[in-house]
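Asker: model_17.pdb is the file, holding PDB, C-alpha atoms, pLDDT in the B column:
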```pdb
MODEL        1
ATOM      1  CA  MET A 237      82.077 107.173 112.738  1.00 89.00           C
ATOM      2  CA  ILE A 238      85.203 105.009 113.105  1.00 96.00           C
ATOM      3  CA  TYR A 239      86.079 105.687 109.474  1.00 97.00           C
ATOM      4  CA  ALA A 240      85.974 109.445 110.080  1.00 97.00           C
ATOM      5  CA  VAL A 241      88.285 108.952 113.058  1.00 98.00           C
ATOM      6  CA  ILE A 242      90.719 106.914 110.934  1.00 98.00           C
ATOM      7  CA  LEU A 243      90.561 109.473 108.135  1.00 98.00           C
ATOM      8  CA  PHE A 244      91.208 112.510 110.335  1.00 98.00           C
ATOM      9  CA  ALA A 245      93.791 110.719 112.515  1.00 98.00           C
ATOM     10  CA  VAL A 246      95.915 109.698 109.529  1.00 98.00           C
ATOM     11  CA  ILE A 247      95.700 113.168 107.972  1.00 98.00           C
ATOM     12  CA  ALA A 248      96.494 114.874 111.300  1.00 98.00           C
ATOM     13  CA  ILE A 249      99.458 112.604 112.099  1.00 98.00           C
ATOM     14  CA  ASP A 250     100.748 113.037 108.547  1.00 98.00           C
ATOM     15  CA  GLN A 251     100.523 116.820 108.605  1.00 98.00           C
ATOM     16  CA  ILE A 252     101.861 117.214 112.162  1.00 98.00           C
ATOM     17  CA  THR A 253     104.898 115.046 111.425  1.00 97.00           C
ATOM     18  CA  LYS A 254     105.559 116.915 108.169  1.00 97.00           C
ATOM     19  CA  ILE A 255     105.336 120.287 109.950  1.00 96.00           C
ATOM     20  CA  TYR A 256     107.704 119.069 112.667  1.00 97.00           C
ATOM     21  CA  VAL A 257     110.243 117.715 110.167  1.00 96.00           C
ATOM     22  CA  SER A 258     110.051 120.837 107.984  1.00 95.00           C
ATOM     23  CA  ALA A 259     110.713 123.018 111.038  1.00 96.00           C
ATOM     24  CA  GLN A 260     113.959 121.113 111.689  1.00 95.00           C
ATOM     25  CA  GLY A 261     115.488 122.352 108.450  1.00 91.00           C
ATOM     26  CA  PRO A 262     116.847 120.803 105.265  1.00 89.00           C
ATOM     27  CA  LEU A 263     119.849 119.104 106.885  1.00 89.00           C
ATOM     28  CA  TRP A 264     117.822 117.363 109.606  1.00 92.00           C
ATOM     29  CA  GLU A 265     118.511 113.663 109.974  1.00 94.00           C
ATOM     30  CA  VAL A 266     118.216 111.263 112.896  1.00 95.00           C
ATOM     31  CA  VAL A 267     119.991 107.976 112.277  1.00 95.00           C
ATOM     32  CA  VAL A 268     118.180 105.080 113.940  1.00 96.00           C
ATOM     33  CA  ILE A 269     120.096 102.159 112.405  1.00 96.00           C
ATOM     34  CA  PRO A 270     123.180 103.299 110.459  1.00 96.00           C
ATOM     35  CA  ASN A 271     122.965 102.648 106.697  1.00 95.00           C
ATOM     36  CA  VAL A 272     119.528 101.034 107.166  1.00 97.00           C
ATOM     37  CA  PHE A 273     116.920 103.355 108.694  1.00 97.00           C
ATOM     38  CA  SER A 274     116.751 107.017 109.627  1.00 97.00           C
ATOM     39  CA  PHE A 275     114.441 109.973 109.778  1.00 96.00           C
ATOM     40  CA  LYS A 276     115.642 112.369 107.106  1.00 95.00           C
ATOM     41  CA  TYR A 277     114.030 115.542 105.814  1.00 95.00           C
ATOM     42  CA  ASP A 278     113.465 115.544 102.072  1.00 92.00           C
ATOM     43  CA  LYS A 279     111.188 117.284  99.568  1.00 90.00           C
ATOM     44  CA  ASN A 280     109.768 115.291  96.673  1.00 85.00           C
ATOM     45  CA  SER A 281     108.682 117.310  93.658  1.00 69.00           C
ATOM     46  CA  GLY A 282     107.533 114.176  91.844  1.00 63.00           C
ATOM     47  CA  ALA A 283     105.472 111.138  92.758  1.00 62.00           C
ATOM     48  CA  ALA A 284     106.286 107.738  94.266  1.00 62.00           C
ATOM     49  CA  PHE A 285     110.029 107.020  94.402  1.00 58.00           C
ATOM     50  CA  SER A 286     110.586 110.591  93.125  1.00 59.00           C
ATOM     51  CA  SER A 287     109.359 109.621  89.680  1.00 61.00           C
ATOM     52  CA  PHE A 288     108.798 112.714  87.516  1.00 62.00           C
ATOM     53  CA  ALA A 289     110.737 114.852  90.030  1.00 59.00           C
ATOM     54  CA  GLY A 290     111.975 118.120  88.615  1.00 66.00           C
ATOM     55  CA  THR A 291     109.674 118.033  85.603  1.00 68.00           C
ATOM     56  CA  GLY A 292     107.772 121.139  86.656  1.00 71.00           C
ATOM     57  CA  TRP A 293     104.417 119.716  85.625  1.00 76.00           C
ATOM     58  CA  ALA A 294     104.343 116.696  87.969  1.00 71.00           C
ATOM     59  CA  GLN A 295     102.815 118.357  91.042  1.00 72.00           C
ATOM     60  CA  THR A 296     100.131 120.074  88.975  1.00 78.00           C
ATOM     61  CA  PHE A 297      99.334 116.840  87.148  1.00 83.00           C
ATOM     62  CA  PHE A 298      99.082 114.814  90.367  1.00 80.00           C
ATOM     63  CA  ALA A 299      97.040 117.527  92.106  1.00 82.00           C
ATOM     64  CA  VAL A 300      94.534 117.552  89.223  1.00 87.00           C
ATOM     65  CA  LEU A 301      94.484 113.738  89.126  1.00 89.00           C
ATOM     66  CA  THR A 302      93.849 113.655  92.882  1.00 91.00           C
ATOM     67  CA  PHE A 303      91.089 116.246  92.524  1.00 90.00           C
ATOM     68  CA  ILE A 304      89.379 113.866  90.063  1.00 94.00           C
ATOM     69  CA  ILE A 305      90.048 110.620  91.950  1.00 94.00           C
ATOM     70  CA  LEU A 306      89.089 111.710  95.487  1.00 96.00           C
ATOM     71  CA  PRO A 307      85.366 112.187  94.752  1.00 96.00           C
ATOM     72  CA  VAL A 308      85.306 108.803  93.010  1.00 96.00           C
ATOM     73  CA  LEU A 309      86.917 107.166  96.062  1.00 97.00           C
ATOM     74  CA  PHE A 310      84.379 108.828  98.376  1.00 96.00           C
ATOM     75  CA  VAL A 311      81.480 107.578  96.218  1.00 97.00           C
ATOM     76  CA  VAL A 312      82.913 104.053  96.196  1.00 96.00           C
ATOM     77  CA  PHE A 313      83.358 104.243  99.987  1.00 97.00           C
ATOM     78  CA  LEU A 314      79.730 105.310 100.460  1.00 96.00           C
ATOM     79  CA  ARG A 315      78.460 102.531  98.174  1.00 96.00           C
ATOM     80  CA  VAL A 316      80.312  99.739 100.020  1.00 95.00           C
ATOM     81  CA  LYS A 317      78.007  97.990 102.464  1.00 94.00           C
ATOM     82  CA  ASN A 318      78.633  98.736 106.144  1.00 91.00           C
ATOM     83  CA  GLU A 319      79.114  95.028 106.853  1.00 91.00           C
ATOM     84  CA  ASN A 320      82.227  95.056 104.682  1.00 94.00           C
ATOM     85  CA  LYS A 321      84.503  96.662 107.272  1.00 96.00           C
ATOM     86  CA  TRP A 322      87.711  95.439 105.595  1.00 96.00           C
ATOM     87  CA  LEU A 323      86.933  97.112 102.287  1.00 96.00           C
ATOM     88  CA  LYS A 324      85.665 100.312 103.914  1.00 97.00           C
ATOM     89  CA  THR A 325      88.850 100.543 106.015  1.00 98.00           C
ATOM     90  CA  THR A 326      90.938  99.895 102.918  1.00 97.00           C
ATOM     91  CA  ILE A 327      89.291 102.706 100.987  1.00 98.00           C
ATOM     92  CA  ILE A 328      89.468 105.167 103.886  1.00 98.00           C
ATOM     93  CA  LEU A 329      93.223 104.519 104.275  1.00 98.00           C
ATOM     94  CA  ILE A 330      93.720 105.211 100.560  1.00 97.00           C
ATOM     95  CA  ILE A 331      91.623 108.388 100.826  1.00 98.00           C
ATOM     96  CA  ALA A 332      93.517 109.584 103.927  1.00 98.00           C
ATOM     97  CA  GLY A 333      96.910 109.043 102.332  1.00 97.00           C
ATOM     98  CA  THR A 334      95.779 110.726  99.146  1.00 96.00           C
ATOM     99  CA  ILE A 335      94.519 113.776 101.055  1.00 97.00           C
ATOM    100  CA  GLY A 336      97.716 113.984 103.125  1.00 96.00           C
ATOM    101  CA  ASN A 337      99.927 114.262 100.058  1.00 94.00           C
ATOM    102  CA  PHE A 338      97.331 116.388  98.230  1.00 93.00           C
ATOM    103  CA  ILE A 339      97.606 119.024 100.956  1.00 95.00           C
ATOM    104  CA  ASP A 340     101.385 119.183 100.412  1.00 93.00           C
ATOM    105  CA  ARG A 341     100.992 119.459  96.656  1.00 87.00           C
ATOM    106  CA  LEU A 342      98.481 122.291  96.941  1.00 90.00           C
ATOM    107  CA  VAL A 343     100.290 124.259  99.635  1.00 92.00           C
ATOM    108  CA  PHE A 344     103.985 123.600  98.935  1.00 89.00           C
ATOM    109  CA  LYS A 345     104.025 122.255  95.341  1.00 86.00           C
ATOM    110  CA  GLU A 346     106.033 119.282  96.670  1.00 87.00           C
ATOM    111  CA  VAL A 347     105.634 116.524  99.245  1.00 91.00           C
ATOM    112  CA  THR A 348     107.623 116.281 102.487  1.00 94.00           C
ATOM    113  CA  ASP A 349     109.192 112.876 103.093  1.00 95.00           C
ATOM    114  CA  PHE A 350     111.104 111.896 106.216  1.00 95.00           C
ATOM    115  CA  ILE A 351     111.010 108.152 106.872  1.00 96.00           C
ATOM    116  CA  TYR A 352     114.127 106.928 105.112  1.00 95.00           C
ATOM    117  CA  VAL A 353     114.801 103.250 104.516  1.00 96.00           C
ATOM    118  CA  HIS A 354     118.230 103.411 102.897  1.00 93.00           C
ATOM    119  CA  PHE A 355     117.818 100.439 100.556  1.00 91.00           C
ATOM    120  CA  PHE A 356     114.266 101.418  99.587  1.00 90.00           C
ATOM    121  CA  ALA A 357     112.930 104.968  99.646  1.00 90.00           C
ATOM    122  CA  ASN A 358     112.140 108.086 101.630  1.00 91.00           C
ATOM    123  CA  PHE A 359     108.421 108.396 102.447  1.00 94.00           C
ATOM    124  CA  ASN A 360     105.865 109.782 104.919  1.00 97.00           C
ATOM    125  CA  VAL A 361     102.761 108.814 106.919  1.00 98.00           C
ATOM    126  CA  ALA A 362     100.435 109.473 103.953  1.00 97.00           C
ATOM    127  CA  ASP A 363     102.535 107.125 101.812  1.00 95.00           C
ATOM    128  CA  ILE A 364     102.288 104.444 104.499  1.00 97.00           C
ATOM    129  CA  SER A 365      98.510 104.850 104.607  1.00 98.00           C
ATOM    130  CA  LEU A 366      98.281 104.589 100.807  1.00 96.00           C
ATOM    131  CA  THR A 367     100.555 101.539 100.714  1.00 96.00           C
ATOM    132  CA  VAL A 368      98.749  99.706 103.516  1.00 98.00           C
ATOM    133  CA  GLY A 369      95.422 100.509 101.852  1.00 98.00           C
ATOM    134  CA  ALA A 370      96.674  99.222  98.489  1.00 97.00           C
ATOM    135  CA  ILE A 371      97.998  96.003 100.047  1.00 97.00           C
ATOM    136  CA  MET A 372      94.700  95.501 101.868  1.00 97.00           C
ATOM    137  CA  LEU A 373      92.824  96.073  98.590  1.00 96.00           C
ATOM    138  CA  VAL A 374      94.861  93.406  96.793  1.00 96.00           C
ATOM    139  CA  PHE A 375      94.373  91.055  99.764  1.00 95.00           C
ATOM    140  CA  TYR A 376      90.634  91.711  99.618  1.00 94.00           C
ATOM    141  CA  PHE A 377      90.292  90.820  95.944  1.00 92.00           C
ATOM    142  CA  VAL A 378      92.591  87.815  96.156  1.00 93.00           C
ATOM    143  CA  PHE A 379      91.187  86.296  99.377  1.00 92.00           C
ATOM    144  CA  LEU A 380      88.077  87.993 100.795  1.00 89.00           C
ATOM    145  CA  ASP A 381      85.824  89.112  97.951  1.00 87.00           C
ATOM    146  CA  LYS A 382      82.855  86.886  97.086  1.00 86.00           C
ATOM    147  CA  GLU A 383      84.598  86.211  93.761  1.00 84.00           C
ATOM    148  CA  ALA A 384      88.126  86.004  95.214  1.00 81.00           C
ATOM    149  CA  LEU A 385      90.845  84.170  93.339  1.00 84.00           C
ATOM    150  CA  ILE A 386      91.781  82.156  96.449  1.00 86.00           C
ATOM    151  CA  PRO A 387      88.794  82.473  98.792  1.00 87.00           C
ATOM    152  CA  ILE A 388      89.290  82.038 102.520  1.00 82.00           C
ATOM    153  CA  GLY A 389      86.836  81.881 105.417  1.00 73.00           C
ATOM    154  CA  LYS A 390      83.123  82.159 104.593  1.00 70.00           C
ATOM    155  CA  ASN A 391      83.823  82.851 100.923  1.00 67.00           C
ATOM    156  CA  ARG A 392      85.765  79.603 100.602  1.00 64.00           C
ATOM    157  CA  LYS A 393      82.696  77.604 101.570  1.00 58.00           C
ATOM    158  CA  LYS A 394      80.437  79.609  99.228  1.00 59.00           C
ATOM    159  CA  LYS A 395      82.707  79.130  96.205  1.00 54.00           C
ATOM    160  CA  ALA A 396      83.096  75.389  96.923  1.00 55.00           C
ATOM    161  CA  ASN A 397      79.331  74.979  97.127  1.00 57.00           C
ATOM    162  CA  GLY A 398      78.576  77.389  94.275  1.00 56.00           C
TER
ENDMDL
END
```
Produce C-alpha coordinates that represent the structure in this file.

Answerer:
Amino acid sequence: MIYAVILFAVIAIDQITKIYVSAQGPLWEVVVIPNVFSFKYDKNSGAAFSSFAGTGWAQTFFAVLTFIILPVLFVVFLRVKNENKWLKTTIILIIAGTIGNFIDRLVFKEVTDFIYVHFFANFNVADISLTVGAIMLVFYFVFLDKEALIPIGKNRKKKANG
(Lines of atoms letter the chains of each structure in order from A and count residues from 1; the text may use other names and numbers.)
(Lines give C-alpha, C1' and ligand atoms only; values in the text may rest on other atoms or scores of the structure.)
Protein backbone atom coordinates (compact mmCIF):
# COMPACT_ATOMS: atom_id res chain seq x y z
CA MET A 1 0.00 0.00 0.00
CA ILE A 2 2.77 2.48 0.89
CA TYR A 3 4.42 1.81 -2.47
CA ALA A 4 1.21 2.73 -4.30
CA VAL A 5 1.07 5.95 -2.29
CA ILE A 6 4.69 6.77 -3.20
CA LEU A 7 4.06 5.93 -6.85
CA PHE A 8 0.92 8.05 -7.21
CA ALA A 9 2.28 10.91 -5.06
CA VAL A 10 5.42 11.28 -7.17
CA ILE A 11 3.46 11.11 -10.43
CA ALA A 12 0.84 13.59 -9.15
CA ILE A 13 3.41 16.09 -7.84
CA ASP A 14 5.38 15.78 -11.08
CA GLN A 15 2.37 16.36 -13.31
CA ILE A 16 0.86 19.15 -11.19
CA THR A 17 4.15 21.07 -11.11
CA LYS A 18 4.61 20.62 -14.87
CA ILE A 19 1.06 21.86 -15.55
CA TYR A 20 1.63 24.88 -13.30
CA VAL A 21 4.96 25.76 -14.94
CA SER A 22 3.58 25.27 -18.46
CA ALA A 23 0.68 27.60 -17.65
CA GLN A 24 3.16 30.36 -16.74
CA GLY A 25 4.46 30.55 -20.29
CA PRO A 26 7.78 30.06 -22.06
CA LEU A 27 9.52 33.06 -20.48
CA TRP A 28 8.66 32.11 -16.89
CA GLU A 29 11.59 32.14 -14.50
CA VAL A 30 11.85 32.66 -10.75
CA VAL A 31 15.40 33.30 -9.60
CA VAL A 32 16.03 31.85 -6.15
CA ILE A 33 19.81 32.29 -5.95
CA PRO A 34 21.19 34.39 -8.83
CA ASN A 35 23.46 32.44 -11.22
CA VAL A 36 23.03 29.30 -9.08
CA PHE A 37 19.42 28.13 -8.75
CA SER A 38 16.09 29.12 -10.26
CA PHE A 39 12.80 27.74 -11.43
CA LYS A 40 12.80 28.12 -15.20
CA TYR A 41 10.35 26.77 -17.75
CA ASP A 42 11.96 24.66 -20.44
CA LYS A 43 10.93 21.92 -22.87
CA ASN A 44 13.29 19.02 -23.50
CA SER A 45 12.79 17.17 -26.77
CA GLY A 46 15.60 14.75 -25.94
CA ALA A 47 16.61 12.72 -22.90
CA ALA A 48 18.79 13.41 -19.86
CA PHE A 49 20.83 16.62 -20.18
CA SER A 50 18.97 17.27 -23.47
CA SER A 51 20.91 14.51 -25.19
CA PHE A 52 19.39 13.70 -28.59
CA ALA A 53 17.32 16.91 -28.46
CA GLY A 54 16.04 18.04 -31.82
CA THR A 55 16.64 14.70 -33.51
CA GLY A 56 12.96 14.10 -34.19
CA TRP A 57 13.16 10.42 -33.31
CA ALA A 58 14.27 10.77 -29.67
CA GLN A 59 10.85 11.08 -28.02
CA THR A 60 9.44 8.17 -30.02
CA PHE A 61 12.48 6.04 -29.22
CA PHE A 62 12.33 6.80 -25.49
CA ALA A 63 8.55 6.30 -25.38
CA VAL A 64 8.91 2.85 -26.99
CA LEU A 65 11.85 2.01 -24.70
CA THR A 66 9.79 3.06 -21.67
CA PHE A 67 6.84 0.99 -22.90
CA ILE A 68 9.16 -2.05 -22.89
CA ILE A 69 10.98 -1.29 -19.63
CA LEU A 70 8.00 -0.39 -17.41
CA PRO A 71 6.45 -3.89 -17.40
CA VAL A 72 9.87 -5.37 -16.62
CA LEU A 73 10.28 -2.96 -13.68
CA PHE A 74 6.81 -3.86 -12.37
CA VAL A 75 7.62 -7.59 -12.56
CA VAL A 76 10.92 -7.04 -10.74
CA PHE A 77 9.08 -4.97 -8.10
CA LEU A 78 6.52 -7.74 -7.56
CA ARG A 79 9.25 -10.40 -7.28
CA VAL A 80 11.23 -8.53 -4.60
CA LYS A 81 10.40 -9.85 -1.15
CA ASN A 82 8.27 -7.56 1.02
CA GLU A 83 10.94 -7.57 3.73
CA ASN A 84 13.29 -5.76 1.35
CA LYS A 85 11.73 -2.32 1.79
CA TRP A 86 14.83 -0.47 0.54
CA LEU A 87 14.87 -2.25 -2.81
CA LYS A 88 11.10 -2.03 -3.26
CA THR A 89 11.20 1.73 -2.55
CA THR A 90 14.10 2.10 -4.97
CA ILE A 91 12.23 0.37 -7.77
CA ILE A 92 8.99 2.27 -7.14
CA LEU A 93 10.85 5.61 -7.32
CA ILE A 94 12.37 4.58 -10.66
CA ILE A 95 8.95 3.49 -11.93
CA ALA A 96 7.29 6.73 -10.77
CA GLY A 97 9.90 8.92 -12.42
CA THR A 98 9.72 6.88 -15.60
CA ILE A 99 5.93 7.20 -15.74
CA GLY A 100 6.08 10.95 -15.05
CA ASN A 101 8.30 11.63 -18.04
CA PHE A 102 6.51 8.98 -20.13
CA ILE A 103 3.26 10.92 -19.76
CA ASP A 104 4.98 14.04 -21.14
CA ARG A 105 6.47 12.13 -24.05
CA LEU A 106 3.12 10.61 -25.00
CA VAL A 107 1.04 13.75 -24.60
CA PHE A 108 3.43 16.57 -25.57
CA LYS A 109 6.25 14.78 -27.46
CA GLU A 110 8.69 16.53 -25.10
CA VAL A 111 9.36 16.74 -21.37
CA THR A 112 8.76 19.85 -19.23
CA ASP A 113 11.71 20.81 -17.04
CA PHE A 114 11.71 23.65 -14.53
CA ILE A 115 14.20 23.10 -11.71
CA TYR A 116 17.30 24.84 -13.00
CA VAL A 117 20.68 24.44 -11.34
CA HIS A 118 22.79 26.79 -13.46
CA PHE A 119 26.04 24.82 -13.30
CA PHE A 120 24.30 21.47 -13.81
CA ALA A 121 21.01 21.03 -15.64
CA ASN A 122 17.32 21.82 -15.88
CA PHE A 123 15.13 18.96 -14.60
CA ASN A 124 11.78 18.06 -13.00
CA VAL A 125 10.24 16.00 -10.17
CA ALA A 126 10.24 12.80 -12.28
CA ASP A 127 13.96 13.26 -12.93
CA ILE A 128 14.57 13.67 -9.20
CA SER A 129 12.64 10.47 -8.49
CA LEU A 130 14.62 8.58 -11.14
CA THR A 131 17.94 9.93 -9.86
CA VAL A 132 17.20 9.19 -6.21
CA GLY A 133 16.03 5.70 -7.19
CA ALA A 134 19.20 5.09 -9.22
CA ILE A 135 21.43 6.29 -6.37
CA MET A 136 19.54 4.07 -3.92
CA LEU A 137 19.94 1.12 -6.31
CA VAL A 138 23.72 1.60 -6.50
CA PHE A 139 23.83 1.99 -2.70
CA TYR A 140 21.85 -1.23 -2.35
CA PHE A 141 24.21 -3.30 -4.49
CA VAL A 142 27.35 -1.78 -3.01
CA PHE A 143 26.33 -1.93 0.67
CA LEU A 144 23.04 -3.71 1.42
CA ASP A 145 22.66 -6.70 -0.89
CA LYS A 146 23.54 -10.13 0.51
CA GLU A 147 26.43 -10.17 -1.98
CA ALA A 148 27.34 -6.48 -1.57
CA LEU A 149 30.80 -5.26 -2.49
CA ILE A 150 31.18 -3.49 0.88
CA PRO A 151 28.54 -5.04 3.14
CA ILE A 152 27.23 -3.08 6.10
CA GLY A 153 24.89 -4.02 8.95
CA LYS A 154 23.54 -7.59 9.01
CA ASN A 155 25.13 -8.42 5.66
CA ARG A 156 28.57 -7.50 6.97
CA LYS A 157 28.34 -10.18 9.64
CA LYS A 158 27.03 -12.78 7.16
CA LYS A 159 29.83 -12.18 4.65
CA ALA A 160 32.49 -12.27 7.41
CA ASN A 161 31.14 -15.58 8.68
CA GLY A 162 30.40 -17.00 5.23

Asker: Against stretch 247-262 of chain A, which residues of stretch 270-385 of chain A fall within 7 Å? For each one I want the closest pair of atoms and the distance in Å (one decimal), counting only C-alpha atoms, rows by chain and increasing residue number, as a tab-separated table.

Answerer:
```
residue	atom	partner	partner_atom	distance
A:Tyr277	CA	A:Pro262	CA	6.0
A:Ala332	CA	A:Ile247	CA	5.8
A:Gly336	CA	A:Ile247	CA	5.3
A:Thr348	CA	A:Lys254	CA	6.1
A:Val361	CA	A:Asp250	CA	5.0
A:Ala362	CA	A:Asp250	CA	5.8
```

Asker: For the file shown, what are the residues hit by the PyMOL selection byres ((chain A and resi 278) around 10), laid out as a list in words?

Answerer: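 For this structure, the PyMOL selection byres ((chain A and resi 278) around 10) resolves to Val257, Ser258, Gly261, Pro262, Leu263, Trp264, Glu265, Phe275, Lys276, Tyr277, Lys279, Asn280, Ser281, Glu346, Val347, Thr348, Asp349, Phe350, Ile351, Tyr352, Asn358, Phe359 and Asn360 of chain A.
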
Asker: With C-alpha atoms retained, write the just-selected residues as a PDB file, in the coordinates of the input.

Answerer:
```pdb
ATOM      1  CA  VAL A 257     110.243 117.715 110.167  1.00 96.00           C
ATOM      2  CA  SER A 258     110.051 120.837 107.984  1.00 95.00           C
ATOM      3  CA  GLY A 261     115.488 122.352 108.450  1.00 91.00           C
ATOM      4  CA  PRO A 262     116.847 120.803 105.265  1.00 89.00           C
ATOM      5  CA  LEU A 263     119.849 119.104 106.885  1.00 89.00           C
ATOM      6  CA  TRP A 264     117.822 117.363 109.606  1.00 92.00           C
ATOM      7  CA  GLU A 265     118.511 113.663 109.974  1.00 94.00           C
ATOM      8  CA  PHE A 275     114.441 109.973 109.778  1.00 96.00           C
ATOM      9  CA  LYS A 276     115.642 112.369 107.106  1.00 95.00           C
ATOM     10  CA  TYR A 277     114.030 115.542 105.814  1.00 95.00           C
ATOM     11  CA  LYS A 279     111.188 117.284  99.568  1.00 90.00           C
ATOM     12  CA  ASN A 280     109.768 115.291  96.673  1.00 85.00           C
ATOM     13  CA  SER A 281     108.682 117.310  93.658  1.00 69.00           C
ATOM     14  CA  GLU A 346     106.033 119.282  96.670  1.00 87.00           C
ATOM     15  CA  VAL A 347     105.634 116.524  99.245  1.00 91.00           C
ATOM     16  CA  THR A 348     107.623 116.281 102.487  1.00 94.00           C
ATOM     17  CA  ASP A 349     109.192 112.876 103.093  1.00 95.00           C
ATOM     18  CA  PHE A 350     111.104 111.896 106.216  1.00 95.00           C
ATOM     19  CA  ILE A 351     111.010 108.152 106.872  1.00 96.00           C
ATOM     20  CA  TYR A 352     114.127 106.928 105.112  1.00 95.00           C
ATOM     21  CA  ASN A 358     112.140 108.086 101.630  1.00 91.00           C
ATOM     22  CA  PHE A 359     108.421 108.396 102.447  1.00 94.00           C
ATOM     23  CA  ASN A 360     105.865 109.782 104.919  1.00 97.00           C
TER      24      ASN A 360
END
```

Asker: Go ahead and compute the interatomic distance for atom CA of A:Asn271 and atom CA of A:Ala357, in Å to one decimal.

Answerer: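 Those two atoms sit 12.5 Å apart.
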
Asker: At what distance in Å, to one decimal, does atom CA of A:His354 lie from atom CA of A:Val266?

Answerer: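 The value is 12.7 Å.
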
Asker: Just say which residues the PyMOL selection byres ((chain A and resi 295) around 7) picks in this file, as a list in words.

Answerer: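 On the file shown, the PyMOL selection byres ((chain A and resi 295) around 7) covers Ser281, Gly282, Trp293, Ala294, Thr296, Phe297, Phe298, Ala299, Arg341, Lys345 and Glu346 of chain A.
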
Asker: Hey, what comes out of the PyMOL selection byres ((chain A and resi 369) around 10) on this file? Could you write it as a list in words?

Answerer: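 So the PyMOL selection byres ((chain A and resi 369) around 10) ends up selecting Trp322, Leu323, Lys324, Thr325, Thr326, Ile327, Ile328, Leu329, Ile330, Ile331, Ala332, Gly333, Asp363, Ile364, Ser365, Leu366, Thr367, Val368, Ala370, Ile371, Met372, Leu373, Val374 and Phe375 of chain A.
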
Asker: Calculated over all atoms listed in the file, which of the candidates A:Val246, A:Pro270, A:Asn318, A:Val308 has the smallest distance to A:Asn337?

Answerer: A:Val246

Asker: Please report, as AutoDock Vina command-line options, the centre and edge lengths in Å to one decimal of an axis-aligned box covering all listed atoms of stretch 309-325 of chain A with 5 Å per side.

Answerer:
```
--center_x 83.4 --center_y 101.9 --center_z 101.7 --size_x 20.8 --size_y 23.8 --size_z 21.2
```

Asker: Interatomic distance between atom CA of A:Thr302 and atom CA of A:Thr334?

Answerer: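 Interatomic distance here is 7.2 Å.
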
Asker: For each of A:Lys321, A:Val353, A:Phe273, A:Asp340, take the minimum atom-to-atom distance to A:Leu380, counting all atoms listed in the file, then give the residue where this is smallest.

Answerer: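 Among the listed residues, the smallest separation from A:Leu380 belongs to A:Lys321.
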
Asker: Taking into account only C-alpha atoms, which residue in the set A:Ile269, A:Ile335, A:Val241, A:Leu385 is nearest to A:Ile305?

Answerer: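 For A:Ile305, the nearest of the given residues is A:Ile335.
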
Asker: Please output stretch 349-366 of chain A, rebuilt to include N, CA and C atoms, as a PDB file, in the coordinates of the input.

Answerer:
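Result file follows (out.pdb):
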```pdb
ATOM      1  N   ASP A 349     108.913 114.260 102.700  1.00 95.00           N
ATOM      2  CA  ASP A 349     109.192 112.876 103.093  1.00 95.00           C
ATOM      3  C   ASP A 349     110.206 112.897 104.219  1.00 95.00           C
ATOM      4  N   PHE A 350     110.162 111.883 105.095  1.00 95.00           N
ATOM      5  CA  PHE A 350     111.104 111.896 106.216  1.00 95.00           C
ATOM      6  C   PHE A 350     111.402 110.528 106.797  1.00 95.00           C
ATOM      7  N   ILE A 351     110.719 109.506 106.385  1.00 96.00           N
ATOM      8  CA  ILE A 351     111.010 108.152 106.872  1.00 96.00           C
ATOM      9  C   ILE A 351     111.881 107.509 105.801  1.00 96.00           C
ATOM     10  N   TYR A 352     113.155 107.341 106.121  1.00 95.00           N
ATOM     11  CA  TYR A 352     114.127 106.928 105.112  1.00 95.00           C
ATOM     12  C   TYR A 352     114.632 105.518 105.384  1.00 95.00           C
ATOM     13  N   VAL A 353     114.270 104.613 104.503  1.00 96.00           N
ATOM     14  CA  VAL A 353     114.801 103.250 104.516  1.00 96.00           C
ATOM     15  C   VAL A 353     115.853 103.240 103.416  1.00 96.00           C
ATOM     16  N   HIS A 354     117.109 103.167 103.801  1.00 93.00           N
ATOM     17  CA  HIS A 354     118.230 103.411 102.897  1.00 93.00           C
ATOM     18  C   HIS A 354     118.208 102.563 101.629  1.00 93.00           C
ATOM     19  N   PHE A 355     117.817 101.329 101.722  1.00 91.00           N
ATOM     20  CA  PHE A 355     117.818 100.439 100.556  1.00 91.00           C
ATOM     21  C   PHE A 355     116.491 100.480  99.798  1.00 91.00           C
ATOM     22  N   PHE A 356     115.587 101.386 100.207  1.00 90.00           N
ATOM     23  CA  PHE A 356     114.266 101.418  99.587  1.00 90.00           C
ATOM     24  C   PHE A 356     113.887 102.821  99.124  1.00 90.00           C
ATOM     25  N   ALA A 357     113.430 103.643 100.038  1.00 90.00           N
ATOM     26  CA  ALA A 357     112.930 104.968  99.646  1.00 90.00           C
ATOM     27  C   ALA A 357     112.774 105.863 100.865  1.00 90.00           C
ATOM     28  N   ASN A 358     112.476 107.115 100.608  1.00 91.00           N
ATOM     29  CA  ASN A 358     112.140 108.086 101.630  1.00 91.00           C
ATOM     30  C   ASN A 358     110.644 108.376 101.481  1.00 91.00           C
ATOM     31  N   PHE A 359     109.872 108.260 102.546  1.00 94.00           N
ATOM     32  CA  PHE A 359     108.421 108.396 102.447  1.00 94.00           C
ATOM     33  C   PHE A 359     107.854 109.054 103.684  1.00 94.00           C
ATOM     34  N   ASN A 360     106.522 109.095 103.810  1.00 97.00           N
ATOM     35  CA  ASN A 360     105.865 109.782 104.919  1.00 97.00           C
ATOM     36  C   ASN A 360     104.646 108.971 105.389  1.00 97.00           C
ATOM     37  N   VAL A 361     103.925 109.506 106.346  1.00 98.00           N
ATOM     38  CA  VAL A 361     102.761 108.814 106.919  1.00 98.00           C
ATOM     39  C   VAL A 361     101.667 108.620 105.862  1.00 98.00           C
ATOM     40  N   ALA A 362     101.449 109.612 105.013  1.00 97.00           N
ATOM     41  CA  ALA A 362     100.435 109.473 103.953  1.00 97.00           C
ATOM     42  C   ALA A 362     100.802 108.332 103.007  1.00 97.00           C
ATOM     43  N   ASP A 363     102.082 108.219 102.682  1.00 95.00           N
ATOM     44  CA  ASP A 363     102.535 107.125 101.812  1.00 95.00           C
ATOM     45  C   ASP A 363     102.299 105.764 102.468  1.00 95.00           C
ATOM     46  N   ILE A 364     102.535 105.695 103.765  1.00 97.00           N
ATOM     47  CA  ILE A 364     102.288 104.444 104.499  1.00 97.00           C
ATOM     48  C   ILE A 364     100.807 104.092 104.432  1.00 97.00           C
ATOM     49  N   SER A 365      99.947 105.077 104.656  1.00 98.00           N
ATOM     50  CA  SER A 365      98.510 104.850 104.607  1.00 98.00           C
ATOM     51  C   SER A 365      98.076 104.356 103.224  1.00 98.00           C
ATOM     52  N   LEU A 366      98.594 105.007 102.183  1.00 96.00           N
ATOM     53  CA  LEU A 366      98.281 104.589 100.807  1.00 96.00           C
ATOM     54  C   LEU A 366      98.762 103.166 100.538  1.00 96.00           C
TER      55      LEU A 366
END
```
